[in-house]
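For reference, the structure is listed below as structure tokens.
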Amino acid sequence: MVIDFLERPIDRQASDFLCRRASGDIEMLGTVVSLLSQSVGQGSICLDLTEIAGGVVRFQERSDMVMPERDTLLSMVRSLPSVGRPGEHCPLVLDNEGRLYLYRYFRYQETLSEQIRSRASSRLEEIDGSSLCESLDRLLPTDGKGDQRQREAASSALMRRFSVISGGPGTGKTSTVVRILALLLEQPGGLRQRIAMAAPTGKAAARLSSSIVAIRESLPCADEVKGAIPDAVTTIHRLLGPLPGAARFRHTAQNPLPYDTVIVDEASMVDLPLMTALISALLPDARLVLLGDKEQLASVAAGAVLGDICRAGESAGSAVEGCVTVLEKNYRFSEGSGIGELSRAVNAGEEHMALSLFGQTGGTISLEPSPMVEHIRTRLSGFVLDGYRQYLEAKEPLEALQRFERFRILCALREGPWGASGMNQAAEALLAGAALIRRDGVFYRGRPLLITENDYSHRLFNGDTGIIFPDPETGLLRAFFAAPDGSARSIPPEFLPHHETAFAMTVHKSQGSEFQRVLLVLPPEDKALLTRELIYTGITRGKESIAIWGDEKVFTSAVRRRIERRSGLREALAGARPIS
């Protein structure tokens, strides 16, 4: 195994600090700790020493290093004064399977697995079976029209303290959760249920809220139940109550959340520390339901929690056996749908099947080579002018916000000409050249915004999108955002938290969003960050059509490459290997 290692200053600082009292081969031990620091920075929870044993570490600025074989490497790492075994309070933890952790992440993983095991092992005895059967038959009938998986998911969510509902876009996750709420409320005494709903970002929270409002009125249940179905959705951070100036929350195990049921949407985006904080803050008898797509990109921070839980659920006899339901029937993409067929091929890693689909689906999906730098604006012109003209010609801010969601440029990279920054610059230039915008200041009419940090005072959250638009009453430019009730609200632009222009955004930032049409831009050269999960996530943001810029070799290489995040959570939940 060859490990290409670009050591960051923080990796070097971590190794210098944690190896300062080491003896023996200090250079090798320092490299191991640096690799651990890098792994956490790339989203893993630990460094698997078994994988790197006997391998070659390739540095950019010094000679390659050959790592010792497994037993020798484990013995050397255990000799570090900063390394302890599970249960010991040391900066680094080496478990019995050869996984090396920073203590903080080991504790997160251990706490989360213990909490999930405890909640998954017991059922909620207060559920009235006969009432549940009647409600299920009405809300999720088995008459051929309903989805048996949705029925199973709903039943599991009611009967268990911990459950997961996974499925791709259009598989009915939100529809299922609204019915779960109705089922809860129809139980004897159910109207007294204290329910909280949350999502990782403000954008995802707003989408869930609007979906609930749209679905609940059509439910075959009493008006009293419909009226009791909550539509208020908050961010997980706001639910837990961040303490000003501290990396801690108000709600903890000592001060738990006052809810009987907590539902979390877009759970694939939740990292290990945040998921641990959430589950630790629940009441002992509270119900936790996680919704998300296990095939999507994981959080940008450490951990792939939803994916680990779902994979553990596939193991017979695991701690979460029966707690995970995967919805498969797709209500958005019918058989033969270009986006549906392409997403399934990509998800299965069938790159040749994916390639064969382009050009066979009536133009709903296409793959074209990435343009040369000097040709980007020419190639981009049609997409930008067609995609953004309508919202820029809108007369009212709410109309502009609604039209803006019809098209988006999604990028694999953040920087560079094929990245979000370069595409935003190109889009601005094209729209200015067509006299659709006038860049006469930082804030100009029609400038789309992507909020990149939480601002609780103005109810703006990371991932929210808005538009600079004249106030209909005063004519002054303000930043408008969609409100949960379907209206538009605004604040003065100078009050905005950190934000970016949003003609183009990264695929990571697009999670939780849907657009009628999408242009997915890949760089012309293959890169390690181009993965199956990124391609799948980008493709499934589109509802009607998806155009991809990327060379065939780059595309197929990305479809073959999976994100591999190391952790012991799956094994801890599967029961195959204990964590200590």
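Every chain in the structure tokens has a letter given in the order shown (A, B, ...), and although residue numbers restart at 1 in each chain, ligands are simply numbered from 1 in the order shown.
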Which of range 248-314 of chain A DSSP labels alpha helix (DSSP H), written as a ChimeraX atom specification
/A:272-280,305-313
Polymer residues at most 8 Å from Thr174 in chain A, only C-alpha atoms, same-chain spacing of 4 or more positions, as a PyMOL selection string:
chain A and resi 178+208+211-212
Determine the nearest neighbour of Cys19 in chain A from the options A:Asp285, A:Arg78, A:Ile229, A:Arg561, counting only C-alpha atoms.
A:Arg78
From the DSSP assignment of the backbone, select every residue of range 40-242 of chain A that is strand (DSSP E or B), and format the answer as JSON, numbers by chain.
{"A": [46, 47, 48, 56, 57, 58, 59, 65, 66, 83, 84, 92, 93, 94, 99, 100, 101, 102, 123, 160, 162, 163, 164, 165, 166, 195, 196, 197, 198, 199, 233, 234, 235, 242]}
Would you pick out the contacts of range 430-447 of chain A at 6 Å or less, using only C-alpha atoms, so that residues sharing its chain but fewer than 6 positions from it are not included, and give the list as a list in words?
Leu392, Ile467, Ile468 and Phe469 of chain A
File dump, residues just selected, C-alpha atoms, as an mmCIF file, in the first residue's frame:
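Result went into part.cif, see below:
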```cif
data_model
loop_
_atom_site.group_PDB
_atom_site.id
_atom_site.type_symbol
_atom_site.label_atom_id
_atom_site.label_comp_id
_atom_site.auth_asym_id
_atom_site.auth_seq_id
_atom_site.Cartn_x
_atom_site.Cartn_y
_atom_site.Cartn_z
ATOM 1 C CA LEU A 392 -33.674 38.204 -12.576
ATOM 2 C CA ILE A 467 -31.356 37.145 -3.004
ATOM 3 C CA ILE A 468 -30.541 40.845 -2.904
ATOM 4 C CA PHE A 469 -33.673 42.572 -4.163
#
```
Non-local contacts of Glu396 in chain A (9 Å; only C-alpha atoms; under 6 positions in same chain excluded) as a list of chain:residue names:
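Result of the neighbour search: A:Phe469, A:Pro470, A:Asp471, A:Pro472.
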Using N, CA, C and O atoms, can you export the residues from the last selection as a tab-separated table (two decimals), in the first residue's frame?
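After the write, part-v8.tsv holds the following:
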```tsv
chain	number	residue	atom	x	y	z
A	469	PHE	N	-32.57	42.11	-3.32
A	469	PHE	CA	-33.67	42.57	-4.16
A	469	PHE	C	-34.23	43.87	-3.58
A	469	PHE	O	-34.19	44.08	-2.36
A	470	PRO	N	-34.77	44.74	-4.43
A	470	PRO	CA	-35.37	45.99	-3.90
A	470	PRO	C	-36.60	45.70	-3.05
A	470	PRO	O	-37.44	44.86	-3.41
A	471	ASP	N	-36.72	46.39	-1.95
A	471	ASP	CA	-37.91	46.28	-1.12
A	471	ASP	C	-39.10	46.85	-1.89
A	471	ASP	O	-39.03	47.97	-2.41
A	472	PRO	N	-40.20	46.10	-2.02
A	472	PRO	CA	-41.35	46.59	-2.81
A	472	PRO	C	-41.91	47.92	-2.30
A	472	PRO	O	-42.51	48.67	-3.08
```
Write out as a PDB file with N, CA and C atoms, in the first residue's frame each polymer residue whose atoms come within 9 Å of Ser121 in chain A, counting only C-alpha atoms; drop sequence neighbours fewer than 2 positions from it.
```
ATOM      1  N   ILE A 116     -26.748   4.156  21.305  1.00  0.00           N
ATOM      2  CA  ILE A 116     -27.554   3.489  20.274  1.00  0.00           C
ATOM      3  C   ILE A 116     -27.889   2.071  20.720  1.00  0.00           C
ATOM      4  N   ARG A 117     -26.908   1.350  21.257  1.00  0.00           N
ATOM      5  CA  ARG A 117     -27.146  -0.014  21.725  1.00  0.00           C
ATOM      6  C   ARG A 117     -28.247  -0.044  22.786  1.00  0.00           C
ATOM      7  N   SER A 118     -28.161   0.881  23.720  1.00  0.00           N
ATOM      8  CA  SER A 118     -29.133   0.920  24.802  1.00  0.00           C
ATOM      9  C   SER A 118     -30.539   1.198  24.276  1.00  0.00           C
ATOM     10  N   ARG A 119     -30.649   2.181  23.370  1.00  0.00           N
ATOM     11  CA  ARG A 119     -31.969   2.542  22.851  1.00  0.00           C
ATOM     12  C   ARG A 119     -32.515   1.493  21.896  1.00  0.00           C
ATOM     13  N   ARG A 123     -37.923  -1.939  23.410  1.00  0.00           N
ATOM     14  CA  ARG A 123     -39.092  -1.438  22.694  1.00  0.00           C
ATOM     15  C   ARG A 123     -39.943  -0.571  23.612  1.00  0.00           C
ATOM     16  N   ARG A 160     -39.910   1.557  18.615  1.00  0.00           N
ATOM     17  CA  ARG A 160     -38.532   1.553  19.109  1.00  0.00           C
ATOM     18  C   ARG A 160     -38.104   2.937  19.584  1.00  0.00           C
ATOM     19  N   ARG A 161     -37.101   2.944  20.454  1.00  0.00           N
ATOM     20  CA  ARG A 161     -36.521   4.214  20.906  1.00  0.00           C
ATOM     21  C   ARG A 161     -35.485   4.738  19.912  1.00  0.00           C
ATOM     22  N   PHE A 162     -35.057   3.872  19.005  1.00  0.00           N
ATOM     23  CA  PHE A 162     -34.086   4.294  17.992  1.00  0.00           C
ATOM     24  C   PHE A 162     -34.430   3.624  16.680  1.00  0.00           C
ATOM     25  N   ALA A 319     -26.590  -4.946  16.870  1.00  0.00           N
ATOM     26  CA  ALA A 319     -27.343  -4.185  17.872  1.00  0.00           C
ATOM     27  C   ALA A 319     -28.482  -3.397  17.249  1.00  0.00           C
ATOM     28  N   VAL A 320     -28.368  -3.053  15.968  1.00  0.00           N
ATOM     29  CA  VAL A 320     -29.400  -2.246  15.313  1.00  0.00           C
ATOM     30  C   VAL A 320     -30.203  -3.055  14.301  1.00  0.00           C
TER      31      VAL A 320
END
```
Polymer residues at most 8 Å from range 185-194 of chain A, only C-alpha atoms, same-chain spacing of 3 or more positions, as a short mmCIF file (atom, residue, chain, number, x, y, z; two decimals) with all heavy atoms, in the first residue's frame:
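File written: out-v3.cif
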```cif
data_model
loop_
_atom_site.label_atom_id
_atom_site.label_comp_id
_atom_site.auth_asym_id
_atom_site.auth_seq_id
_atom_site.Cartn_x
_atom_site.Cartn_y
_atom_site.Cartn_z
N ILE A 127 -47.00 1.65 23.58
CA ILE A 127 -47.73 1.73 22.30
C ILE A 127 -48.91 0.76 22.32
O ILE A 127 -48.76 -0.42 22.64
CB ILE A 127 -46.78 1.42 21.12
CG1 ILE A 127 -45.71 2.50 21.00
CG2 ILE A 127 -47.58 1.33 19.82
CD1 ILE A 127 -46.24 3.89 20.70
N ASP A 128 -50.09 1.25 21.97
CA ASP A 128 -51.30 0.43 21.90
C ASP A 128 -51.36 -0.26 20.55
O ASP A 128 -51.53 0.39 19.51
CB ASP A 128 -52.53 1.31 22.11
CG ASP A 128 -53.81 0.50 22.10
OD1 ASP A 128 -54.16 -0.06 23.15
OD2 ASP A 128 -54.45 0.41 21.03
N SER A 131 -54.68 0.03 18.31
CA SER A 131 -54.82 1.38 17.76
C SER A 131 -53.81 1.61 16.65
O SER A 131 -54.13 2.22 15.61
CB SER A 131 -54.63 2.41 18.87
OG SER A 131 -54.62 3.73 18.34
N LEU A 132 -52.58 1.11 16.83
CA LEU A 132 -51.55 1.27 15.82
C LEU A 132 -51.92 0.55 14.53
O LEU A 132 -51.76 1.10 13.43
CB LEU A 132 -50.21 0.75 16.35
CG LEU A 132 -49.04 0.77 15.37
CD1 LEU A 132 -48.76 2.18 14.87
CD2 LEU A 132 -47.77 0.18 16.01
N SER A 135 -54.52 2.55 12.65
CA SER A 135 -53.93 3.76 12.07
C SER A 135 -53.06 3.41 10.87
O SER A 135 -53.08 4.11 9.84
CB SER A 135 -53.11 4.50 13.12
OG SER A 135 -53.92 4.98 14.17
N LEU A 181 -45.76 10.94 12.49
CA LEU A 181 -46.28 11.93 13.42
C LEU A 181 -47.78 11.72 13.67
O LEU A 181 -48.25 11.79 14.81
CB LEU A 181 -46.02 13.34 12.89
CG LEU A 181 -44.55 13.77 12.79
CD1 LEU A 181 -44.44 15.10 12.06
CD2 LEU A 181 -43.93 13.86 14.16
N ALA A 182 -48.51 11.45 12.59
CA ALA A 182 -49.95 11.20 12.75
C ALA A 182 -50.20 9.93 13.57
O ALA A 182 -51.10 9.90 14.42
CB ALA A 182 -50.61 11.08 11.37
N VAL A 225 -55.90 15.91 14.70
CA VAL A 225 -54.57 15.32 14.53
C VAL A 225 -53.75 16.13 13.54
O VAL A 225 -52.58 16.43 13.77
CB VAL A 225 -54.68 13.85 14.07
CG1 VAL A 225 -53.31 13.29 13.71
CG2 VAL A 225 -55.33 13.01 15.17
N ALA A 228 -52.37 19.12 15.06
CA ALA A 228 -51.35 18.88 16.08
C ALA A 228 -50.01 18.45 15.48
O ALA A 228 -49.01 18.38 16.20
CB ALA A 228 -51.83 17.81 17.06
N ILE A 229 -50.01 18.13 14.18
CA ILE A 229 -48.73 17.76 13.53
C ILE A 229 -47.87 19.01 13.43
O ILE A 229 -48.21 19.96 12.74
CB ILE A 229 -48.97 17.15 12.13
CG1 ILE A 229 -49.70 15.82 12.25
CG2 ILE A 229 -47.63 16.96 11.40
CD1 ILE A 229 -50.05 15.19 10.92
N PRO A 258 -36.45 18.51 26.45
CA PRO A 258 -37.77 18.18 27.01
C PRO A 258 -38.73 17.58 25.98
O PRO A 258 -39.87 18.04 25.84
CB PRO A 258 -38.26 19.53 27.52
CG PRO A 258 -37.69 20.50 26.54
CD PRO A 258 -36.34 19.96 26.16
N TYR A 259 -38.27 16.56 25.23
CA TYR A 259 -39.11 16.01 24.17
C TYR A 259 -39.22 14.49 24.31
O TYR A 259 -38.28 13.81 24.74
CB TYR A 259 -38.54 16.36 22.79
CG TYR A 259 -38.45 17.85 22.55
CD1 TYR A 259 -37.23 18.50 22.57
CD2 TYR A 259 -39.61 18.59 22.35
CE1 TYR A 259 -37.15 19.87 22.36
CE2 TYR A 259 -39.54 19.97 22.15
CZ TYR A 259 -38.31 20.60 22.16
OH TYR A 259 -38.25 21.96 21.97
N ASP A 260 -40.39 13.97 23.90
CA ASP A 260 -40.62 12.54 23.89
C ASP A 260 -40.14 11.91 22.59
O ASP A 260 -39.75 10.74 22.57
CB ASP A 260 -42.11 12.24 24.06
CG ASP A 260 -42.68 12.88 25.31
OD1 ASP A 260 -42.15 12.60 26.40
OD2 ASP A 260 -43.65 13.66 25.19
N THR A 261 -40.20 12.68 21.50
CA THR A 261 -39.78 12.19 20.19
C THR A 261 -38.97 13.27 19.49
O THR A 261 -39.39 14.43 19.44
CB THR A 261 -41.01 11.83 19.32
OG1 THR A 261 -41.71 10.74 19.91
CG2 THR A 261 -40.58 11.44 17.91
#
```
Nearby residues (only C-alpha atoms) at most 12 Å from range 108-112 of chain A, same-chain spacing under 4 positions excluded, as a ChimeraX atom specification:
/A:44-46,86-87,93,95,101-104,116-120,253,271-281,302-306,308-309,566-573,578-580
Which residue is closest to Glu350 in chain A? Choose from A:Val289, A:Arg99, A:Ala574, A:Phe555 and count only C-alpha atoms.
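Of A:Val289, A:Arg99, A:Ala574, A:Phe555, the one nearest Glu350 in chain A, counting only C-alpha atoms, is A:Phe555.
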Using only C-alpha atoms for the distances, tell me which of A:Ile539, A:Ala222, A:Leu92, A:Ile491 is nearest to Gln516 in chain A.
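Answer, going by the shortest atom-to-atom distance: A:Ile539.
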If you measure from CA of Ala412 in chain A to CA of Thr506 in chain A, what distance in Å do you get, rounded to one decimal?
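Atom-to-atom, CA of Ala412 in chain A to CA of Thr506 in chain A, that is 5.8 Å.
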Kindly indicate which residue among A:Glu341, A:Asp4, A:Asp25, A:Glu428 lies nearest to Phe503 in chain A, using only C-alpha atoms for the distances.
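Counting only C-alpha atoms, the residue closest to Phe503 in chain A is A:Glu428.
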Among A:Tyr391, A:Tyr456, A:Phe515, A:Tyr331, Glu405 in chain A is approached most closely, using only C-alpha atoms, by A:Phe515
